[in-house]
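*Asks:* Take a look at the following structure, please.
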Amino acid sequence: MLLISCPWCGEREETEFHYGGQAFVSYPADPESLTDEEWAQYVFFRDNPKGDFAERWVHSAGCRRWFNTVRNTVTSEFLS
Amino acid sequence: MEHPDWLWRTPEPKKSYDVVIVGAGGHGLATAYYLARNHGITNVAVLEKGWLAGGNMARNTTIIRSNYLWDESAGIYEHSLKLWEGLREDLEYDFLFSQRGVLNLAHTLQDVREGMRRVNANRLNGIDGEWLTPDEVAKVCPIVNTSPDVRYPVLGGTWQPRAGIAKHDYVAWAFARKADRYGVDLIQGCEVTGFITDGNRVTGVETNRGPIHAGRIGLAAAGHTSVLASTLGIRLPLQSHPLQALVSELLEPVHPTVVMSNHVHVYVSQAHKGELVMGAGIDSYNSYGQRGSVHVIEQQMAAALELFPVFAHAHLIRTWGGIVDVTPDASPIIGRTPVENLFVNCGWGTGGFKATPGVGWVFAHTLAHGEPHELNEPFTLERFTTGALIDEHGAAAVAH
Amino acid sequence: MRLAQGGEIDRTRPLTFTLDGVEYTGFDGDTLASAMLANGIVQVAPSLYRQRPRGIFSAGVEEPNALVQVGAEPSLQATTVRLRAGLVARTLSGVGRLTPEPEQHRYDKRFTHTDILVIGAGPSGRMAARTAAAGGARVILVGAGLPELSDPSGNVESRGPLGGIGDELAATQLRVLTGATAFGYYDSNYVLVAHKQTLWHIRARRVILATGAHEQPIVFENNDRPGIMLAGAVRKYITQYAVLPGRNAVVCTTNDSAYATVAALVQAGARVTVVDSRPIPPDLAPKGVEVISGLVTNTEGRHRITAAAVTTGSTQDRRIECDLLAVSGGWQPAVHLFSQSRGSVRWNGQAFVPDASAQANRVVGAANGTFDTRAALIEAAEAAVEAAAAVGYPVAMPPLPAVQEREITPDNPVWLVPGDPANQFVDLQRDATVADVRRAVGAGMRSPEHVKRYTTIGTGADQGRTSNIPALGVIAEALGTTPGELGTTTFRAPSVPVSFALMAGRDRGKLHDPIRTTPIHSWHVTNGAEFENVGQWKRPWFYPKPGEDMETAVLRECRAARTGVGMQDASTLGKIEVVGPDAGEFLNRMYTNAFKKLAVGSARYGMMCKADGMVFDDGVTMRLADDRYYVTTTTGGAANVLDWFEEWSQTEWPELAVTFTSVTEQWSTIAVVGPRSRAVIGLVAPDLDVSNEAFPFMTFRETTLHNGIPARIARISFSGELAYEVNVSGWYGLAAWEAIHEEGRPYGITPYGTETMHVLRAEKGFPIVGQDTDGTVTPHDLGMSWIVSQRKDFVGKRSLRRPDTARPDRKHLVGLLPVDPGQLLPEGAQMVALDAPTTPPVPMEGHVTSSYRSAALERTFALALIRNGRNRIGETLRAPLGDRVIEAIVTEPVFYDKEGARRDG
């Protein structure tokens with residue numbers, strides 16, 4: 001059970017959150033101008049590092065705000 | 001259970017091989033075996049950073065079935081089940097394969113529709129399957145609570161009689177033993193750290209035990225496949241998540257089959273020795289930690305008792321976590337990569353164990369010929385670009 | 001044999017119990033095992049595979065042999081079962097039995113936070129807890145399960161869980177869980193504790209682990225006979241339970257700790273011979289006790305040990321008659337929980353001891369390999385001082401109790417004594433021997449993980465507490481290395497067995513998942529509705545009248561809606577208010593069609609896709625004001641849609657000024673459907689001009705019902721009929737329903753459920769997301785290209801022109817009319833071409849998603865997703881259904897009122 005620090009509510013139990021996967025994957029400014037390959041990268045491809053990972057969480061059973069963290073995918077420790 | 005007196009050598013790696021397989025899990029070992037058996041390619045090394053078959057092969061709940069919805073999935077899983085049915089004789093090893101059947105329970109009207117859809121598709125694909133009413137469910141597995149007073153009553157279920165379980169470790173050892181016998185080098189404690197390349201072509205791997213050259217390289221390292229591929233700039237649509245499982249103490253036979261429920265989320269069987277073996281849900285976050293969160297286990301216990309009140313006094317004696325590598329459509333990627341001579345087999349999510357012989361067969365073919373077998377042809381990396389997904393998420397049963 | 005005096009049992013409270021059908025008596029304070037020994041019973045059920053006689057081996061959680069079934073509870077250790085009056089137990093050969101008896105207990109969970117959690121209530125744990133609490137920090141002390149772990153030093157009194165510290169700390173924030181066992185240690189200092197029928201979840205800022213150590217056996221030939229016990233256990237039986245397990249004892253040890261047992265045995269009147277592995281044994285035995293430098297190599301006896309064979313370095317081998325052999329092979333710190341916390345361990349030449357912490361914890365005392373009592377207490381106090389300071393309640397080092405210091409003779413660890421490996425047991429519970437281990441190594445195995453799996457050593461319910469270290473010793477010897485080089489196998493939760501029921505708690509039956517009902521639910525129940533589970537909701541499925549089956553009821557309900565008037569509780573629809581100046585722009589980006597220019601007072605049906613272009617949800621949205629929309633979603637999709645909106649709003653377009661509020665529970669929605677619905681609405685909403693001109697299709701009006709209830713009434717139709725949706729505050733839902741039902745009575749208003757709703761919409765070809773779609777279906781596949789805007793971007797749009805998604809021959813939603821109008825295609829039937837082969841593999845063209853009997857059409861019909869379906873209208877397909885085949889003709893998906901003439905009444 002992870003202890004996750006919500007920037008607005010402080011440390012709360014993992015069960016209050018939903019996971020949002022990799023952070024900083026922006027919706028393309030003009031999807032229609034992308035090739036199929038580029039669009040597929042946006043829709044389906046995410047990093048899967050063994051180590052530090054910038055990722056998103058949403059405090060869905062709390063303030064319902066999204067935020068970014070950096071967590072180590074081996075130790076599960078949050079670095080930010 | 002009597003094991004053979006001899007299993008495998010502990011060889012030093014040679015400087016070069018025709019084929020190097022990265023990952024000595026069930027898939028890597030089966031691939032090596034079929035490379036030798038079907039294609040006569042024996043100058044092969046299987047490199048394993050830890051101990052042989054110590055990853056997901058050692059951590060799964062050993063369910064074997066082929067009742068998948070889509071033709072592509074049904075093709076490869078049924079091929080695998082057919083191989084399972086002759087594998088004990090082929091490998092000369094009793095790995096306790098038991099065709100005790102798998103029940104997939106339905107708890108909502110939509111579950112019923114999906115179950116009927118799948119059974120009908122299975123039968124037309126030549127896969128055994130039937131629809132059971134709640135009374136028939138109770139006959140197949142009397143301990144399932146089919147009374148209407150549970151939160152989500154059992155409305156029926158699909159039944160695949162040929163499905164079952166096998167002892168996971170022994171399966172791996174059986175493949176390893178035969179591969180070793182063919183001359184395949186199984187090299188444990190050998191971690192691949194990078195690739196040796198020549199232009200857009202791989203020619204070998206860098207390891208903690210020095211460089212090893214290879215004509216062709218097959219990655220069969222589950223979630224680590226994406227870590228390795230990324231060193232060549234190849235992105236794979238994989239996410240690694242913890243998947244937990246658990247066992248009880250040894251108990252007298254009480255559960256005659258395998259029961260899976262998508263809606264109440266249970267999958268449980270009773271192993272030969274007598275322990276109940278149960279899988280939990282996938283943890284939400286990415287992890288390579290081989291550990292998950294305990295609330296997932298607690299939910300699993302509640303779900304299990306909802307359907308099996310008789311389990312109340314059983315004891316949890318061990319939980320553990322594997323790392324499942326999941327693709328966006330919950331189907332694997334088996335085949336070529338953008339880099340010449342490099343092939344991948346990954347993205348099996350929760351389905352890898354049952355596919356072990358089948359994937360060994362087709363991945364060996366792929367490595368031997370440099371192009372896919374017809375059964376793994378649909379499972380390309382390109383499908384994520386074209387949109388021709390094989391989406392086992394929405395329509396198929398709980399994917400374990 | 002029970003001693004005449006001593007122990008911590010209550011001799012005034014005798015308890016009668018039954019073991020294997022025979023009645024015995026023990027005392028309150030006994031464990032089942034101590035009571036058995038008091039009655040002269042040492043032998044338990046035979047071993048798992050080899051059926052060898054076995055006996056009580058230990059006095060705690062490490063017990064491998066003495067498994068019992070107590071009533072419905074399988075596989076309990078007799079050494080941890082507290083004796084109670086009337087207890088009925090049966091000894092088990094390693095395999096328990098599940099029985100369907102109803103549970104006696106209610107299990108529950110508690111959740112708490114604490115500054116400092118101390119695990120283990122031995123001397124170190126008590127010292128740590130007492131010290132840590134003195135400064136005012138919140139401290140929880142978790143006592144070990146009953147009975148406590150043995151104290152290897154043997155010279156600190158361990159009476160009671162607190163040793164009398166409870167009183168002096170009454171004023172502090174120390175909470176003691178006695179008889180509780182911490183069994184799981186997870187990330188961020190999250191610890192699970194089993195405490196009777198309660199499962200505690202404790203989140204601690206600091207954890208101090210004082211979990212003690214487990215005594216290790218020595219592996220010699222026939223080391224499994226009844227009467228062979230761990231030395232610490234023998235001492236515990238004498239001192240805590242006043243039970244003498246044997247009168248004629250041999251004590252075989254590699255270390256000093258067993259001399260406390262020797263002293264206890266002598267004091268209890270037993271004859272004792274000591275066999276010490278060290279060349280020069282220490283002078284610790286009482287006068288008159290023979291101490292031999294040597295090792296036990298073998299034993300004799302059938303149902304109980306009768307003699308031990310002893311080899312000595314200097315003199316002749318000996319045979320010593322005995323009825324008890326107490327063994328101490330050294331102590332392994334109980335590192336289970338520390339290891340679960342991701343802490344690393346290292347081999348110190350004798351045992352694995354904690355190395356580096358991975359969380360905010362410290363290990364103290366015997367658990368840290370510190371077996372000297374004074375050093376252990378100092379360690380515990382120091383850890384407590386550090387932890388107290390870290391959590392902001394500093395304390396000073398406490399005074400240490402006077403402890404008799406003494407010289408320690410170093411251990412001489414021995415894993416294995418030469419002998420016949422086939423009868424040298426490494427794991428008593430799994431019946432695995434040195435021969436098994438050697439066979440695994442001989443087969444090529446090098447990893448302890450492989451050997452463990454090959455032999456099953458260490459996989460029992462005792463978690464290998466008495467087998468892991470000996471196994472490593474044997475493997476290391478076979479491979480010519482050390483246990484430290486091999487490393488230990490991973491420790492996993494739970495460290496002691498816990499029942500499924502305890503883990504499940506109360507989340508069962510009605511509490512397994514919340515049940516959601518609408519404000520009108522009681523009416524549905526009273527009026528005989530059958531219910532369907534939709535997500536967490538209970539929805540009326542149909543309302544059978546006496547004597548009606550489902551088919552008859554649904555046909556009647558459908559007929560009423562098509563020819564008269566029906567009503568349905570649609571309150572479960574998800575409802576979201578989307579508010580802000582950019583609300584329209586936001587919805588434009590979410591939905592495939594446009595909402596920005598929707599007029600205030602109007603409603604529009606919309607569809608949403610995920611980024612992959614596949615249909616995700618749909619529903620009607622009303623524009624309440626320039627900056628306010630009222631979005632409805634599917635019943636099952638409401639939470640997902642709200643999450644989806646918030647995600648995009650917060651993470652992609654924070655510049656858009658828009659907020660979202662779920663109002664599903666705040667509104668009740670009643671659909672009033674059919675040609676006579678206008679008349680009913682006219683009566684119930686007298687202020688409303690219900691004429692088609694004043695109140696056209698896809699508009700809504702705010703009004704007040706005749707009973708004073710404010711209502712928002714919309715002209716929306718999911719059936720093709722003239723229809724209204726009456727939205728009122730949830731508080732008034734039932735009143736509004738009853739009012740409509742009353743006003744509709746003259747028109748024969750008929751309540752209908754989800755089944756009729758499904759039939760009516762299917763007759764019109766309206767798809768249900770999740771039934772007619774499955775995550776692989778685009779709006780184009782549904783034949784709804786008209787809803788896909790070409791003029792704006794929306795989430796998923798780009799995916800629609802990928803090569804596969806743009807194929808013209810994808811599966812399309814079409815209608816199917818069975819050739820025989822009386823035959824009903826089963827939902828889920830697969831359709832194949834007429835000329836398809838009859839034996840597998842049979843190519844499939846698609847499947848039936850919805851199928852019904854239609855009152856209006858007076859026949860059966862279906863919807864299906866069929867490959868290239870829109871270009872195959874008129875083709876006959878067949879559904880092979882095992883023993884029968886149904887042929888059906890592909891049609892347009894709209895079966896009823898294709899012109900749309902009925903919606904205006």
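Scheme for the structure tokens: letters A, B, ... for chains in order shown; per-chain residue numbers from 1; ligand numbers from 1 in order shown.
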Please, which residues of chain A lie no more than 8 Å from chain B when the count uses only C-alpha atoms, and can they be set out as a ChimeraX atom specification?

*Replies:* /A:1-2,15,18-19,21,36-37,39-40,44-50,73-76

*Asks:* Mind checking DSSP for range 51-148 of chain B and telling me the strand (DSSP E or B) residues as a VMD selection string?

*Replies:* chain B and resid 63 to 64 98 102 to 106 130 to 132

*Asks:* CA of Ser495 in chain C and CA of Tyr190 in chain C are how many Å apart?

*Replies:*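 Going from CA of Ser495 in chain C over to CA of Tyr190 in chain C, I get 14.6 Å.
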
*Asks:* Using only C-alpha atoms, determine which residues lie at most 10 Å from Pro880 in chain C, disregarding the query and same-chain residues fewer than 4 positions distant; provide the list as a count of residues only.

*Replies:* 13

*Asks:* Select, as a PyMOL selection string, those residues of chain B with any atom no more than 7 Å from chain C (distances computed using only C-alpha atoms).

*Replies:* chain B and resi 5-9+51+108+110+113-114+116-117+120-121+124-126+150-151+249-252+298-299+301-302+306+310-320+386-388+394-395

*Asks:* Where does chain A meet chain C within 10 Å, residue by residue, with the nearest atom pair and distance in Å to one decimal for each, counting only C-alpha atoms, listed by chain and rising number, as CSV?

*Replies:*
residue,atom,partner,partner_atom,distance
A:Met1,CA,C:Asp187,CA,5.9
A:Leu2,CA,C:Asp187,CA,5.7
A:Leu3,CA,C:Ser188,CA,6.0
A:Ile4,CA,C:Ser188,CA,9.2
A:Glu13,CA,C:Arg203,CA,9.5
A:His18,CA,C:Asp643,CA,9.8
A:Gly20,CA,C:Glu647,CA,9.0
A:Ala23,CA,C:Thr651,CA,9.4
A:Phe24,CA,C:Thr651,CA,9.1
A:Val25,CA,C:Glu652,CA,9.4
A:Ser26,CA,C:Glu652,CA,6.9
A:Tyr27,CA,C:Glu652,CA,6.7
A:Pro28,CA,C:Glu652,CA,9.9
A:Asp30,CA,C:Asp793,CA,8.7
A:Pro31,CA,C:Arg798,CA,6.0
A:Glu32,CA,C:Arg798,CA,6.0
A:Ser33,CA,C:Arg798,CA,9.2
A:Leu34,CA,C:Arg798,CA,8.5
A:Thr35,CA,C:Arg802,CA,9.2
A:Asp36,CA,C:Arg802,CA,6.2
A:Glu37,CA,C:Arg802,CA,9.5
A:Trp39,CA,C:Arg798,CA,7.5
A:Ala40,CA,C:Ser799,CA,8.3
A:Tyr42,CA,C:Ala611,CA,9.1
A:Val43,CA,C:Ala611,CA,6.3
A:Phe44,CA,C:Asp612,CA,8.5
A:Arg56,CA,C:Thr651,CA,9.5
A:Val58,CA,C:Glu647,CA,8.3
A:Ser60,CA,C:Asp643,CA,8.2
A:Arg64,CA,C:Glu646,CA,8.1
A:Arg65,CA,C:Gln650,CA,7.5
A:Trp66,CA,C:Gln650,CA,6.7
A:Phe67,CA,C:Thr651,CA,8.4
A:Asn68,CA,C:Thr651,CA,9.8
A:Thr75,CA,C:Arg342,CA,8.4
A:Ser76,CA,C:Asp187,CA,7.7
A:Glu77,CA,C:Asp187,CA,8.2
A:Phe78,CA,C:Ser188,CA,10.0

*Asks:* Calculate how many Å separate CA of Trp523 in chain C from CA of Arg559 in chain C, rounding to one decimal.

*Replies:*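 Taking CA of Trp523 in chain C and CA of Arg559 in chain C, their separation equals 22.1 Å.
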
*Asks:* Fewer than 3 positions away in the same chain doesn't count, so skip those; otherwise give me all residues within 9 Å of Ala599 in chain C, counting only C-alpha atoms, as a list in words.

*Replies:* Phe595, Lys596, Ser602, Ala603, Met622, Arg623, Leu624, Ala625 and Asp626 of chain C
